[in-house]
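Have a look at entry-v4.txt; it's compact mmCIF, C-alpha atoms and all ligand atoms:
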```txt
# COMPACT_ATOMS: atom_id res chain seq x y z
CA MET A 1 -23.82 -59.08 48.65
CA ILE A 2 -20.36 -59.61 50.10
CA VAL A 3 -20.29 -57.20 53.03
CA PRO A 4 -16.47 -57.05 53.50
CA ARG A 5 -16.15 -55.86 49.87
CA LEU A 6 -18.60 -53.00 50.59
CA ILE A 7 -16.74 -52.06 53.80
CA GLU A 8 -13.47 -52.14 51.88
CA ARG A 9 -14.85 -49.84 49.18
CA LYS A 10 -16.08 -47.30 51.74
CA ARG A 11 -12.86 -47.58 53.74
CA ASP A 12 -10.85 -46.73 50.62
CA GLY A 13 -12.91 -43.61 49.83
CA GLY A 14 -15.37 -45.11 47.35
CA ARG A 15 -19.15 -44.95 47.39
CA LEU A 16 -21.96 -47.48 47.58
CA GLU A 17 -24.90 -47.52 45.18
CA PRO A 18 -28.49 -46.90 46.41
CA GLY A 19 -29.39 -50.57 45.86
CA GLU A 20 -26.42 -51.66 47.96
CA TRP A 21 -27.47 -49.34 50.83
CA HIS A 22 -31.01 -50.71 50.67
CA GLU A 23 -29.87 -54.30 50.80
CA LEU A 24 -27.39 -53.63 53.61
CA ILE A 25 -29.90 -51.77 55.78
CA GLN A 26 -32.83 -54.15 55.20
CA SER A 27 -30.59 -57.10 55.90
CA TYR A 28 -29.17 -55.54 59.10
CA ALA A 29 -32.70 -54.65 60.33
CA THR A 30 -33.75 -58.29 59.95
CA ASN A 31 -30.61 -59.67 61.63
CA GLY A 32 -29.03 -60.83 58.36
CA ILE A 33 -25.74 -58.99 59.00
CA PRO A 34 -23.83 -59.09 62.31
CA ASP A 35 -23.13 -55.96 64.38
CA TYR A 36 -19.37 -56.23 63.87
CA GLN A 37 -19.64 -55.73 60.11
CA ILE A 38 -21.95 -52.72 60.41
CA SER A 39 -19.66 -51.32 63.15
CA ALA A 40 -16.72 -51.47 60.75
CA LEU A 41 -18.79 -49.83 58.03
CA LEU A 42 -19.87 -47.06 60.42
CA MET A 43 -16.25 -46.31 61.29
CA ALA A 44 -15.40 -46.17 57.58
CA ILE A 45 -18.31 -43.71 57.08
CA PHE A 46 -17.04 -41.69 60.05
CA PHE A 47 -13.75 -41.08 58.23
CA ARG A 48 -14.95 -41.05 54.60
CA GLY A 49 -18.44 -39.47 54.87
CA LEU A 50 -21.45 -40.04 52.65
CA ASP A 51 -22.27 -38.11 49.50
CA ARG A 52 -25.73 -36.69 48.85
CA GLU A 53 -27.00 -39.69 46.90
CA GLU A 54 -25.78 -42.06 49.60
CA MET A 55 -27.43 -40.01 52.37
CA ASN A 56 -30.70 -40.08 50.39
CA ALA A 57 -30.44 -43.84 49.91
CA VAL A 58 -29.76 -44.46 53.62
CA THR A 59 -32.74 -42.28 54.59
CA ASP A 60 -35.12 -44.05 52.20
CA ALA A 61 -33.90 -47.47 53.31
CA MET A 62 -34.46 -46.58 56.97
CA ILE A 63 -37.99 -45.27 56.26
CA ASP A 64 -38.77 -48.41 54.22
CA SER A 65 -37.63 -50.65 57.10
CA GLY A 66 -40.86 -49.79 58.98
CA ALA A 67 -44.39 -48.44 58.81
CA ARG A 68 -45.57 -44.88 58.19
CA LEU A 69 -48.11 -42.83 60.06
CA ASP A 70 -50.64 -42.40 57.28
CA LEU A 71 -52.45 -39.10 57.77
CA SER A 72 -53.04 -38.47 54.07
CA HIS A 73 -56.82 -38.39 54.59
CA LEU A 74 -56.49 -35.15 56.56
CA THR A 75 -57.08 -31.90 54.70
CA ILE A 76 -55.38 -29.74 57.35
CA PRO A 77 -51.58 -29.20 57.42
CA ARG A 78 -49.53 -31.86 59.25
CA LEU A 79 -46.68 -30.17 61.07
CA ASP A 80 -43.93 -31.11 63.51
CA LYS A 81 -40.80 -29.67 65.07
CA HIS A 82 -37.49 -31.34 65.85
CA SER A 83 -34.88 -29.98 68.23
CA THR A 84 -31.25 -31.06 68.41
CA GLY A 85 -31.76 -31.03 72.18
CA GLY A 86 -30.98 -28.91 75.17
CA VAL A 87 -31.37 -28.23 78.87
CA GLY A 88 -34.61 -26.65 80.12
CA ASP A 89 -35.99 -27.04 76.58
CA LYS A 90 -39.69 -27.65 77.13
CA VAL A 91 -40.71 -25.95 73.86
CA SER A 92 -42.53 -29.05 72.51
CA LEU A 93 -44.92 -29.14 75.46
CA ILE A 94 -46.08 -25.60 74.67
CA LEU A 95 -45.76 -25.56 70.90
CA ALA A 96 -47.66 -28.78 70.12
CA PRO A 97 -50.96 -27.77 71.78
CA LEU A 98 -50.51 -24.18 70.60
CA ILE A 99 -50.19 -25.18 66.94
CA ALA A 100 -52.95 -27.81 67.19
CA SER A 101 -55.26 -25.22 68.73
CA LEU A 102 -54.72 -23.05 65.63
CA GLY A 103 -55.90 -25.75 63.23
CA ALA A 104 -52.93 -27.98 62.32
CA ALA A 105 -52.44 -31.69 62.92
CA VAL A 106 -49.36 -32.27 65.08
CA PRO A 107 -48.10 -35.86 65.09
CA MET A 108 -45.19 -35.17 67.41
CA MET A 109 -42.70 -37.96 67.93
CA SER A 110 -40.17 -37.20 70.65
CA GLY A 111 -37.26 -38.81 72.44
CA ARG A 112 -35.93 -39.41 75.93
CA GLY A 113 -33.06 -37.63 77.63
CA LEU A 114 -29.79 -38.19 75.77
CA GLY A 115 -26.42 -37.36 77.38
CA HIS A 116 -26.83 -34.10 79.29
CA THR A 117 -30.01 -33.10 77.40
CA GLY A 118 -33.54 -33.65 78.64
CA GLY A 119 -36.23 -35.54 76.71
CA THR A 120 -39.83 -34.56 76.00
CA LEU A 121 -41.07 -38.10 76.75
CA ASP A 122 -39.54 -38.03 80.24
CA LYS A 123 -41.18 -34.66 80.91
CA LEU A 124 -44.60 -35.84 79.72
CA GLU A 125 -44.34 -39.00 81.81
CA ALA A 126 -43.96 -36.80 84.90
CA ILE A 127 -47.71 -36.21 84.47
CA PRO A 128 -49.42 -38.95 86.52
CA GLY A 129 -50.89 -41.58 84.17
CA PHE A 130 -49.61 -39.99 80.92
CA ARG A 131 -48.79 -42.64 78.29
CA THR A 132 -46.40 -41.97 75.43
CA ASP A 133 -46.26 -45.55 74.08
CA LEU A 134 -49.23 -45.27 71.72
CA THR A 135 -49.34 -47.52 68.66
CA LEU A 136 -49.40 -45.76 65.30
CA ASP A 137 -53.05 -46.71 64.97
CA ALA A 138 -53.94 -45.18 68.34
CA ALA A 139 -51.93 -42.05 67.50
CA ARG A 140 -53.74 -41.69 64.17
CA LYS A 141 -57.15 -42.00 65.83
CA GLN A 142 -56.19 -39.43 68.47
CA ILE A 143 -54.94 -36.99 65.81
CA ASP A 144 -58.22 -37.42 63.89
CA ARG A 145 -60.12 -36.59 67.06
CA ILE A 146 -58.13 -33.77 68.71
CA GLY A 147 -55.40 -32.83 66.22
CA CYS A 148 -52.35 -33.87 68.22
CA ALA A 149 -50.55 -36.87 69.71
CA LEU A 150 -47.30 -36.74 71.70
CA ILE A 151 -45.63 -40.09 71.28
CA GLY A 152 -42.31 -41.91 71.39
CA GLN A 153 -40.59 -43.64 68.48
CA THR A 154 -42.55 -46.87 68.25
CA ASN A 155 -40.98 -50.11 67.05
CA GLU A 156 -43.09 -49.68 63.93
CA ILE A 157 -41.29 -46.51 62.70
CA ALA A 158 -37.82 -46.81 61.10
CA PRO A 159 -36.69 -49.89 63.10
CA ALA A 160 -33.41 -49.94 61.14
CA ASP A 161 -32.58 -46.48 62.49
CA ARG A 162 -33.25 -47.61 66.04
CA LYS A 163 -30.82 -50.53 65.64
CA ILE A 164 -28.14 -48.52 63.83
CA TYR A 165 -28.42 -45.63 66.31
CA ALA A 166 -27.84 -47.98 69.25
CA LEU A 167 -24.78 -49.38 67.47
CA ARG A 168 -23.45 -45.86 66.71
CA ASP A 169 -23.88 -44.98 70.36
CA ALA A 170 -21.80 -48.00 71.37
CA THR A 171 -19.07 -47.51 68.73
CA ALA A 172 -18.32 -43.75 69.00
CA THR A 173 -19.82 -43.09 65.58
CA VAL A 174 -22.76 -40.82 66.52
CA GLU A 175 -21.21 -37.60 65.20
CA ILE A 176 -21.53 -38.22 61.47
CA VAL A 177 -23.57 -35.34 60.03
CA PRO A 178 -25.16 -37.17 57.05
CA LEU A 179 -26.07 -40.12 59.30
CA ILE A 180 -27.55 -37.82 61.96
CA ALA A 181 -29.59 -36.14 59.20
CA ALA A 182 -30.73 -39.50 57.79
CA SER A 183 -31.56 -40.81 61.26
CA ILE A 184 -33.68 -37.84 62.33
CA MET A 185 -35.36 -37.36 58.95
CA SER A 186 -36.24 -41.03 58.49
CA LYS A 187 -38.40 -40.79 61.62
CA LYS A 188 -39.87 -37.39 60.78
CA LEU A 189 -40.66 -38.28 57.16
CA ALA A 190 -42.41 -41.47 58.30
CA GLU A 191 -44.89 -39.19 60.13
CA GLY A 192 -46.29 -38.09 56.76
CA LEU A 193 -45.71 -34.38 57.41
CA THR A 194 -46.51 -31.46 55.13
CA GLY A 195 -44.00 -29.24 56.94
CA LEU A 196 -41.20 -29.55 59.50
CA VAL A 197 -39.35 -26.97 61.59
CA LEU A 198 -35.90 -27.68 63.01
CA ASP A 199 -34.52 -26.09 66.15
CA VAL A 200 -30.75 -26.27 65.71
CA LYS A 201 -29.05 -25.39 68.99
CA GLU A 202 -25.70 -23.64 69.17
CA GLY A 203 -23.45 -23.03 72.17
CA SER A 204 -21.71 -25.07 74.84
CA GLY A 205 -24.83 -27.08 75.74
CA ALA A 206 -25.69 -28.07 72.17
CA PHE A 207 -25.26 -31.56 70.70
CA LEU A 208 -23.04 -29.93 68.03
CA PRO A 209 -21.75 -26.80 69.86
CA ALA A 210 -20.29 -25.01 66.81
CA ALA A 211 -23.02 -23.23 64.84
CA GLU A 212 -21.32 -24.11 61.54
CA ARG A 213 -21.78 -27.85 62.10
CA GLY A 214 -25.38 -27.30 63.16
CA ILE A 215 -25.98 -25.32 59.98
CA THR A 216 -24.42 -28.09 57.85
CA LEU A 217 -26.75 -30.57 59.57
CA ALA A 218 -29.75 -28.30 59.02
CA LYS A 219 -28.94 -27.94 55.31
CA ALA A 220 -28.70 -31.72 54.93
CA MET A 221 -32.04 -32.20 56.67
CA ILE A 222 -33.69 -29.45 54.62
CA GLN A 223 -32.52 -31.13 51.43
CA LEU A 224 -33.77 -34.56 52.56
CA GLY A 225 -37.19 -33.12 53.45
CA GLU A 226 -37.64 -30.97 50.36
CA ASP A 227 -36.63 -33.82 48.02
CA ARG A 228 -39.45 -35.87 49.56
CA GLY A 229 -42.16 -33.20 49.37
CA CYS A 230 -41.86 -31.97 52.95
CA PRO A 231 -40.73 -28.31 53.18
CA VAL A 232 -38.33 -27.71 56.07
CA VAL A 233 -37.23 -24.48 57.80
CA ALA A 234 -34.55 -24.36 60.51
CA LEU A 235 -33.79 -21.76 63.16
CA VAL A 236 -30.49 -21.57 65.03
CA THR A 237 -31.24 -20.96 68.73
CA ALA A 238 -29.03 -20.49 71.79
CA MET A 239 -28.04 -23.33 74.11
CA ASP A 240 -25.18 -21.59 75.94
CA ARG A 241 -27.49 -21.31 78.95
CA PRO A 242 -30.63 -23.29 79.90
CA LEU A 243 -33.91 -22.22 78.29
CA GLY A 244 -36.47 -20.78 80.71
CA ARG A 245 -36.03 -21.23 84.46
CA ALA A 246 -37.04 -24.83 85.24
CA CYS A 247 -34.65 -27.73 84.50
CA GLY A 248 -36.07 -31.09 85.56
CA ASN A 249 -39.08 -33.09 84.45
CA ALA A 250 -42.10 -32.18 86.63
CA ILE A 251 -40.94 -28.60 87.21
CA GLU A 252 -40.66 -28.17 83.42
CA VAL A 253 -44.24 -29.41 83.01
CA LYS A 254 -45.29 -26.79 85.55
CA GLU A 255 -43.39 -24.07 83.67
CA SER A 256 -45.01 -25.21 80.40
CA ILE A 257 -48.50 -24.91 81.90
CA ASP A 258 -47.57 -21.44 83.20
CA ALA A 259 -46.43 -20.59 79.65
CA LEU A 260 -49.73 -21.82 78.16
CA ARG A 261 -51.48 -19.54 80.67
CA GLY A 262 -49.45 -16.57 79.41
CA ASN A 263 -46.93 -16.52 82.27
CA GLY A 264 -43.90 -18.13 80.63
CA PRO A 265 -40.38 -16.71 80.93
CA ASP A 266 -39.52 -14.31 78.08
CA ASP A 267 -36.68 -16.40 76.59
CA LEU A 268 -38.83 -19.55 76.50
CA MET A 269 -41.71 -17.70 74.87
CA GLU A 270 -39.48 -16.08 72.27
CA VAL A 271 -37.94 -19.37 71.14
CA THR A 272 -41.34 -21.14 71.20
CA PHE A 273 -43.06 -18.40 69.19
CA ALA A 274 -40.18 -18.15 66.70
CA LEU A 275 -40.38 -21.91 65.94
CA ALA A 276 -44.17 -22.12 66.06
CA ALA A 277 -44.48 -19.14 63.68
CA GLU A 278 -42.45 -21.04 61.09
CA MET A 279 -44.83 -23.98 61.44
CA LEU A 280 -47.86 -21.74 60.96
CA LEU A 281 -46.25 -20.25 57.85
CA LEU A 282 -45.36 -23.67 56.41
CA GLY A 283 -48.97 -24.76 57.03
CA LYS A 284 -50.31 -21.55 55.46
CA ILE A 285 -52.26 -20.95 58.66
CA ALA A 286 -50.52 -17.57 59.01
CA SER A 287 -49.81 -15.13 56.19
CA SER A 288 -46.74 -13.49 57.79
CA HIS A 289 -44.57 -13.75 60.88
CA GLU A 290 -46.51 -10.85 62.42
CA ASP A 291 -49.82 -12.62 61.75
CA ALA A 292 -48.43 -15.83 63.31
CA TRP A 293 -47.33 -14.05 66.51
CA ARG A 294 -50.74 -12.33 66.80
CA GLN A 295 -52.59 -15.63 66.34
CA MET A 296 -50.41 -17.35 68.95
CA ARG A 297 -50.88 -14.59 71.50
CA GLY A 298 -54.63 -14.87 70.90
CA ALA A 299 -54.60 -18.67 71.39
CA ILE A 300 -52.81 -18.21 74.71
CA SER A 301 -54.84 -15.30 76.05
CA SER A 302 -58.15 -16.96 75.11
CA GLY A 303 -57.16 -20.21 76.86
CA LYS A 304 -57.50 -22.18 73.58
CA ALA A 305 -53.93 -23.50 73.69
CA LEU A 306 -54.24 -24.57 77.34
CA ASP A 307 -57.56 -26.30 76.58
CA LYS A 308 -55.81 -28.25 73.81
CA PHE A 309 -53.10 -29.34 76.26
CA ARG A 310 -55.83 -30.50 78.66
CA GLN A 311 -57.42 -32.57 75.85
CA ILE A 312 -54.06 -34.17 75.01
CA VAL A 313 -53.34 -35.02 78.65
CA GLU A 314 -56.80 -36.56 79.02
CA ALA A 315 -56.57 -38.49 75.72
CA GLN A 316 -53.22 -40.04 76.70
CA GLY A 317 -54.38 -41.19 80.12
CA GLY A 318 -52.89 -38.34 82.14
CA ASP A 319 -54.59 -36.68 85.07
CA PRO A 320 -56.09 -33.47 83.60
CA ARG A 321 -56.41 -31.96 87.09
CA ILE A 322 -52.69 -31.05 86.84
CA ILE A 323 -53.69 -28.14 84.60
CA ASP A 324 -55.45 -26.37 87.46
CA ASP A 325 -53.73 -27.94 90.43
CA GLN A 326 -50.02 -28.50 89.98
CA SER A 327 -49.64 -29.87 93.50
CA ILE A 328 -50.72 -33.16 91.91
CA LEU A 329 -47.43 -33.29 89.95
CA PRO A 330 -44.59 -35.28 91.52
CA ALA A 331 -42.53 -33.02 93.76
CA ALA A 332 -39.13 -33.29 95.42
CA GLN A 333 -39.11 -33.97 99.17
CA LEU A 334 -36.64 -31.17 99.82
CA THR A 335 -35.83 -27.76 98.36
CA GLU A 336 -32.96 -25.44 99.17
CA LYS A 337 -32.15 -21.95 97.96
CA PHE A 338 -28.74 -21.37 96.43
CA VAL A 339 -27.52 -17.80 96.81
CA ALA A 340 -24.69 -15.64 95.44
CA PRO A 341 -21.52 -16.11 97.53
CA ARG A 342 -20.32 -12.53 96.73
CA ASP A 343 -21.16 -9.34 94.83
CA GLY A 344 -20.39 -9.48 91.12
CA PHE A 345 -21.83 -10.72 87.86
CA VAL A 346 -23.07 -14.09 86.65
CA ARG A 347 -20.26 -15.26 84.39
CA GLU A 348 -22.14 -18.22 82.93
CA VAL A 349 -24.91 -20.75 83.55
CA THR A 350 -23.51 -23.86 81.91
CA PRO A 351 -26.19 -26.15 80.48
CA ARG A 352 -23.96 -29.23 80.38
CA THR A 353 -23.17 -28.99 84.10
CA ILE A 354 -26.85 -28.44 84.91
CA GLY A 355 -27.92 -31.30 82.60
CA TYR A 356 -25.46 -33.79 84.07
CA GLY A 357 -26.32 -32.38 87.52
CA ILE A 358 -29.97 -33.40 87.04
CA ILE A 359 -28.77 -36.94 86.28
CA GLU A 360 -26.57 -36.79 89.40
CA ILE A 361 -29.57 -35.97 91.61
CA ARG A 362 -31.60 -38.76 89.93
CA GLY A 363 -33.70 -36.72 87.50
CA GLY A 364 -32.11 -38.42 84.47
CA ARG A 365 -30.74 -41.83 83.49
CA ARG A 366 -27.18 -43.09 83.98
CA THR A 367 -28.07 -46.32 82.16
CA MET A 368 -31.04 -47.14 79.94
CA GLU A 369 -32.49 -49.26 82.78
CA ASP A 370 -32.44 -46.45 85.39
CA THR A 371 -35.76 -45.16 86.69
CA ILE A 372 -35.85 -41.42 87.11
CA ASP A 373 -37.24 -39.25 89.87
CA PRO A 374 -39.51 -36.80 88.02
CA GLY A 375 -39.72 -34.34 90.91
CA VAL A 376 -36.07 -33.30 91.12
CA GLY A 377 -34.16 -30.55 89.31
CA PHE A 378 -33.12 -26.92 89.47
CA VAL A 379 -35.06 -23.68 89.06
CA ILE A 380 -32.57 -21.07 87.93
CA ASP A 381 -33.33 -17.39 88.40
CA VAL A 382 -30.33 -15.78 86.69
CA LYS A 383 -28.80 -15.55 83.22
CA PRO A 384 -25.18 -14.87 82.22
CA GLY A 385 -24.37 -11.16 82.62
CA ASP A 386 -26.83 -10.48 85.48
CA PRO A 387 -25.41 -8.33 88.30
CA VAL A 388 -25.88 -9.91 91.75
CA ARG A 389 -25.31 -8.97 95.39
CA ARG A 390 -24.06 -11.40 98.01
CA GLY A 391 -27.04 -13.41 99.28
CA ASP A 392 -29.22 -12.88 96.18
CA LEU A 393 -31.16 -15.94 95.04
CA LEU A 394 -29.48 -17.67 92.08
CA ALA A 395 -31.40 -20.95 91.97
CA THR A 396 -33.44 -23.47 93.94
CA ILE A 397 -32.43 -27.11 94.29
CA HIS A 398 -35.29 -29.67 94.23
CA ALA A 399 -33.96 -33.00 95.54
CA ARG A 400 -35.12 -36.29 96.98
CA ASP A 401 -32.90 -36.27 100.07
CA GLU A 402 -29.99 -34.54 101.83
CA ALA A 403 -27.47 -36.28 99.58
CA GLY A 404 -29.28 -34.84 96.54
CA ILE A 405 -29.25 -31.35 98.07
CA ALA A 406 -25.50 -31.63 98.76
CA ALA A 407 -24.84 -32.86 95.22
CA GLY A 408 -27.08 -30.09 93.85
CA ARG A 409 -25.10 -27.42 95.76
CA LYS A 410 -21.88 -28.70 94.19
CA VAL A 411 -23.43 -28.69 90.72
CA LEU A 412 -24.70 -25.12 91.04
CA LYS A 413 -21.39 -23.85 92.43
CA GLU A 414 -19.70 -25.12 89.30
CA ALA A 415 -22.49 -24.19 86.87
CA ILE A 416 -23.10 -20.60 88.01
CA PRO A 417 -19.75 -18.89 88.73
CA ILE A 418 -19.88 -15.30 89.99
CA GLY A 419 -17.01 -13.02 88.93
CA ASP A 420 -16.02 -9.42 88.36
CA GLU A 421 -16.82 -9.49 84.67
CA ALA A 422 -20.29 -10.01 83.26
CA GLY A 423 -20.70 -13.06 81.05
CA THR A 424 -22.29 -12.72 77.64
CA CYS A 425 -25.05 -14.66 75.89
CA LEU A 426 -25.53 -15.77 72.31
CA PRO A 427 -28.58 -14.25 70.61
CA LEU A 428 -31.63 -16.34 71.49
CA VAL A 429 -32.57 -16.89 67.84
CA SER A 430 -29.83 -15.94 65.42
CA ARG A 431 -30.40 -17.43 61.97
CA ARG A 432 -33.15 -18.72 59.71
CA ILE A 433 -32.20 -21.45 57.25
CA THR A 434 -34.30 -22.44 54.27
CA SER A 435 -33.56 -24.16 50.96
CA ALA A 436 -32.64 -20.65 49.72
CA GLY A 437 -29.82 -20.29 52.26
CA VAL A 438 -28.98 -18.79 55.66
CA ALA A 439 -30.32 -15.36 56.71
CA PRO A 440 -30.34 -13.44 60.01
CA TRP A 441 -33.51 -14.02 62.07
CA MET A 442 -35.56 -10.90 62.81
CA LYS A 443 -38.04 -10.72 65.67
CA PRO A 444 -41.43 -9.59 64.28
CA ALA A 445 -42.45 -6.10 65.41
CA VAL A 446 -45.72 -7.01 67.14
N1 LIG B 1 -30.91 -37.98 67.24
C1 LIG B 1 -31.31 -38.95 66.38
O1 LIG B 1 -32.47 -39.32 66.32
N2 LIG B 1 -30.38 -39.50 65.57
C2 LIG B 1 -29.09 -39.12 65.57
O2 LIG B 1 -28.32 -39.65 64.81
C3 LIG B 1 -28.69 -38.12 66.48
C4 LIG B 1 -29.63 -37.56 67.31
```
Using the file provided, produce a representation of the structure as structure tokens.
Amino acid sequence: MIVPRLIERKRDGGRLEPGEWHELIQSYATNGIPDYQISALLMAIFFRGLDREEMNAVTDAMIDSGARLDLSHLTIPRLDKHSTGGVGDKVSLILAPLIASLGAAVPMMSGRGLGHTGGTLDKLEAIPGFRTDLTLDAARKQIDRIGCALIGQTNEIAPADRKIYALRDATATVEIVPLIAASIMSKKLAEGLTGLVLDVKEGSGAFLPAAERGITLAKAMIQLGEDRGCPVVALVTAMDRPLGRACGNAIEVKESIDALRGNGPDDLMEVTFALAAEMLLLGKIASSHEDAWRQMRGAISSGKALDKFRQIVEAQGGDPRIIDDQSILPAAQLTEKFVAPRDGFVREVTPRTIGYGIIEIRGGRRTMEDTIDPGVGFVIDVKPGDPVRRGDLLATIHARDEAGIAAGRKVLKEAIPIGDEAGTCLPLVSRRITSAGVAPWMKPAV
């Protein structure tokens, strides 16, 4: 294989054969090709794209670069969800125990905060003692025992993707739809799933803000899954404002526990139930959307879903007392209320400003080496369009020190402008995408 010839062919609008992709990716994963050659190839892909056969070949090569989580001995459905990421998005913490409590296996592999978006692993690690670095073998044993494991991408799964993703991040080549699809699906397909649900965010706080690009990504991921025997359904959900009220690691864990007790904010519950219902349908645990919503309400009101969360926390070394006593969670030293400076309407609550604001007050990473303060963040009490009077509570800042409070004030002033005209919101869940196409999403009448 003469790598410059392959780069040249891609650069000039040609295509590479599946065997060539396999050789390239295996060789890069085992340090046989230098970063500078793959960087040049990535930039050529950025401008020339990948056709369907190439995307399939890249996905298979990335899966084959590592191990798989073999759960084929299980007779129950094996289901997971992937989100393109957001602010205040703690859906995984609620949905995983909820679905496991209804009889599915949930091998959930999550990520850390990326850019302005939060990460499920960082939220889980706010629970004292909670470990997300399980080996595949430990995860498999835990799933056999309690039906769910919440883990990070181990070195064993799709190592080629890990290396290529880091290079894309450093070479401004992340935003290539077929490579994003191949990257995400290589990890998900290595989990040995029988069904996958995608949460494709739209709006200013989304990874791909324009819904059309998100839908193109969803279609590519659906095709990759279905061609490999894993049915995939995607929902387009709103990320033009944060989801729920809490934005920050420990306070999001608290809100998730409240949600599992039946006291979650309406928007968070609607998005969680919409996604979880699709999982229950894919797993044939529910016979209709209405049946799924009824089963989920039952699992929450009976305490079954919360009990499952307790089992997961205990199994992964976390302190299970946090379920009943959230004062054990890390907390900020200081809090300060942020109130409306005038009468008017909330024009917007911008997720990007809030997300970067959390990093600013030390709740997220500026560099990969940064340690984060799990206790800090914002609890936001308003949504775009809400009428407010001067002095009404808009949000609460949770910070480590006075400097954090001052920075938090500045963030909220920018993120929550009050004006004479009411802001508008995208529909919380707008579209349902399957291999048959895109349709409007309808909330079940239950
Ligand atoms: N998340 C991933 O895992 N891969 C991408 O390429 C983009 C987001």
Can you build me a table of chain A residues sitting at most 7 Å from ligand LIG 1 (chain B), with the closest atom pair per residue and its distance in Å to one decimal, using all atoms listed in the file, sorted by chain and residue number, as CSV?
```
residue,atom,partner,partner_atom,distance
A:Thr84,CA,B:LIG1,C4,6.8
A:Tyr165,CA,B:LIG1,O2,6.2
A:Val174,CA,B:LIG1,O2,5.9
A:Leu179,CA,B:LIG1,O2,6.0
A:Ile180,CA,B:LIG1,O2,3.5
A:Ala181,CA,B:LIG1,O2,6.7
A:Ser183,CA,B:LIG1,N2,4.7
A:Ile184,CA,B:LIG1,O1,4.4
```
- prompt: So what do you get for atom CA of A:Trp441 versus atom CA of A:Met221, distance-wise?
  reply: 19.0 Å
field: 12 Å contact set for A:Arg9, only C-alpha atoms, chain neighbours under 3 positions out, as an MDAnalysis selection string
entry: chainID A and resid 2:6 12:17 20 40:41 44:45 48
message: Please return as a list in words every residue within 10 Å of (-44.8, -19.3, 69.1), taking into account only C-alpha atoms and the file's own coordinates.
response: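 The answer, in the requested form, is Val91, Ile94, Leu95, Ala96, Leu98, Ile99, Leu268, Met269, Glu270, Val271, Thr272, Phe273, Ala274, Leu275, Ala276, Ala277, Glu278, Met279, Leu280, His289, Ala292, Trp293, Arg294, Gln295, Met296, Arg297 and Ile300 of chain A.
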- prompt: For the atom pair atom CA of A:Asp161 and atom CA of A:Asp51, what is the interatomic distance in Å to one decimal place?
  reply: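 Atom CA of A:Asp51 lies 18.6 Å from atom CA of A:Asp161.
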message: Let me make sure I understand: among A:Lys187, A:Lys308, A:Arg78, A:Arg362, which one has the smallest atom-to-atom distance to A:Ala407 if we use only C-alpha atoms?
response: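 Selected residue with least distance to A:Ala407: A:Arg362.
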message: With distances taken over all atoms listed in the file, which residue among A:Val346, A:Ile372, A:Leu114, A:Ala406 lies nearest A:Cys425?
response: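 Nearest candidate to A:Cys425 out of A:Val346, A:Ile372, A:Leu114, A:Ala406: A:Val346.
Nearest to A:Gly344 of all the residues A:Pro417, A:Gly147, A:Pro374, A:Gly49 is A:Pro417, based on all atoms listed in the file.
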- prompt: Hey, can you check how far atom CA of A:Pro242 sits from atom CA of A:Gly264?
  reply: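 Going from atom CA of A:Pro242 over to atom CA of A:Gly264, I get 14.3 Å.
Shown here are all protein and nucleic acid residues lying within 12 Å of (-24.1, -48.2, 70.1), with all atoms listed in the file considered: Asp35, Tyr36, Ile38, Ser39, Leu42, Met43, Asp161, Arg162, Lys163, Ile164, Tyr165, Ala166, Leu167, Arg168, Asp169, Ala170, Thr171, Ala172, Thr173 and Val174 of chain A.
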- request: Can you work out which one of A:Thr237, A:Val87, A:Arg68, A:Lys10 has the shortest atom-to-atom distance to A:Gly115, counting only C-alpha atoms?
  value: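 That would be A:Val87, the residue with the smallest distance to A:Gly115.
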Extending 6 Å beyond the listed atoms of stretch 211-222 of chain A on each side, what axis-aligned box results? I want centre and edge lengths in Å to one decimal, as lines of an AutoDock Vina configuration file.
```
center_x = -27.5
center_y = -27.7
center_z = 59.7
size_x = 24.4
size_y = 21.0
size_z = 22.2
```
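Taking all atoms listed in the file, the non-local environment of stretch 130-145 of chain A within 7 Å (same-chain residues fewer than 3 positions away omitted) comprises Leu69, Ala105, Pro107, Leu121, Leu124, Glu125, Ile127, Cys148, Ala149, Leu150, Ile151, Gly152, Thr154, Val313, Gln316, Gly317 and Gly318 of chain A.
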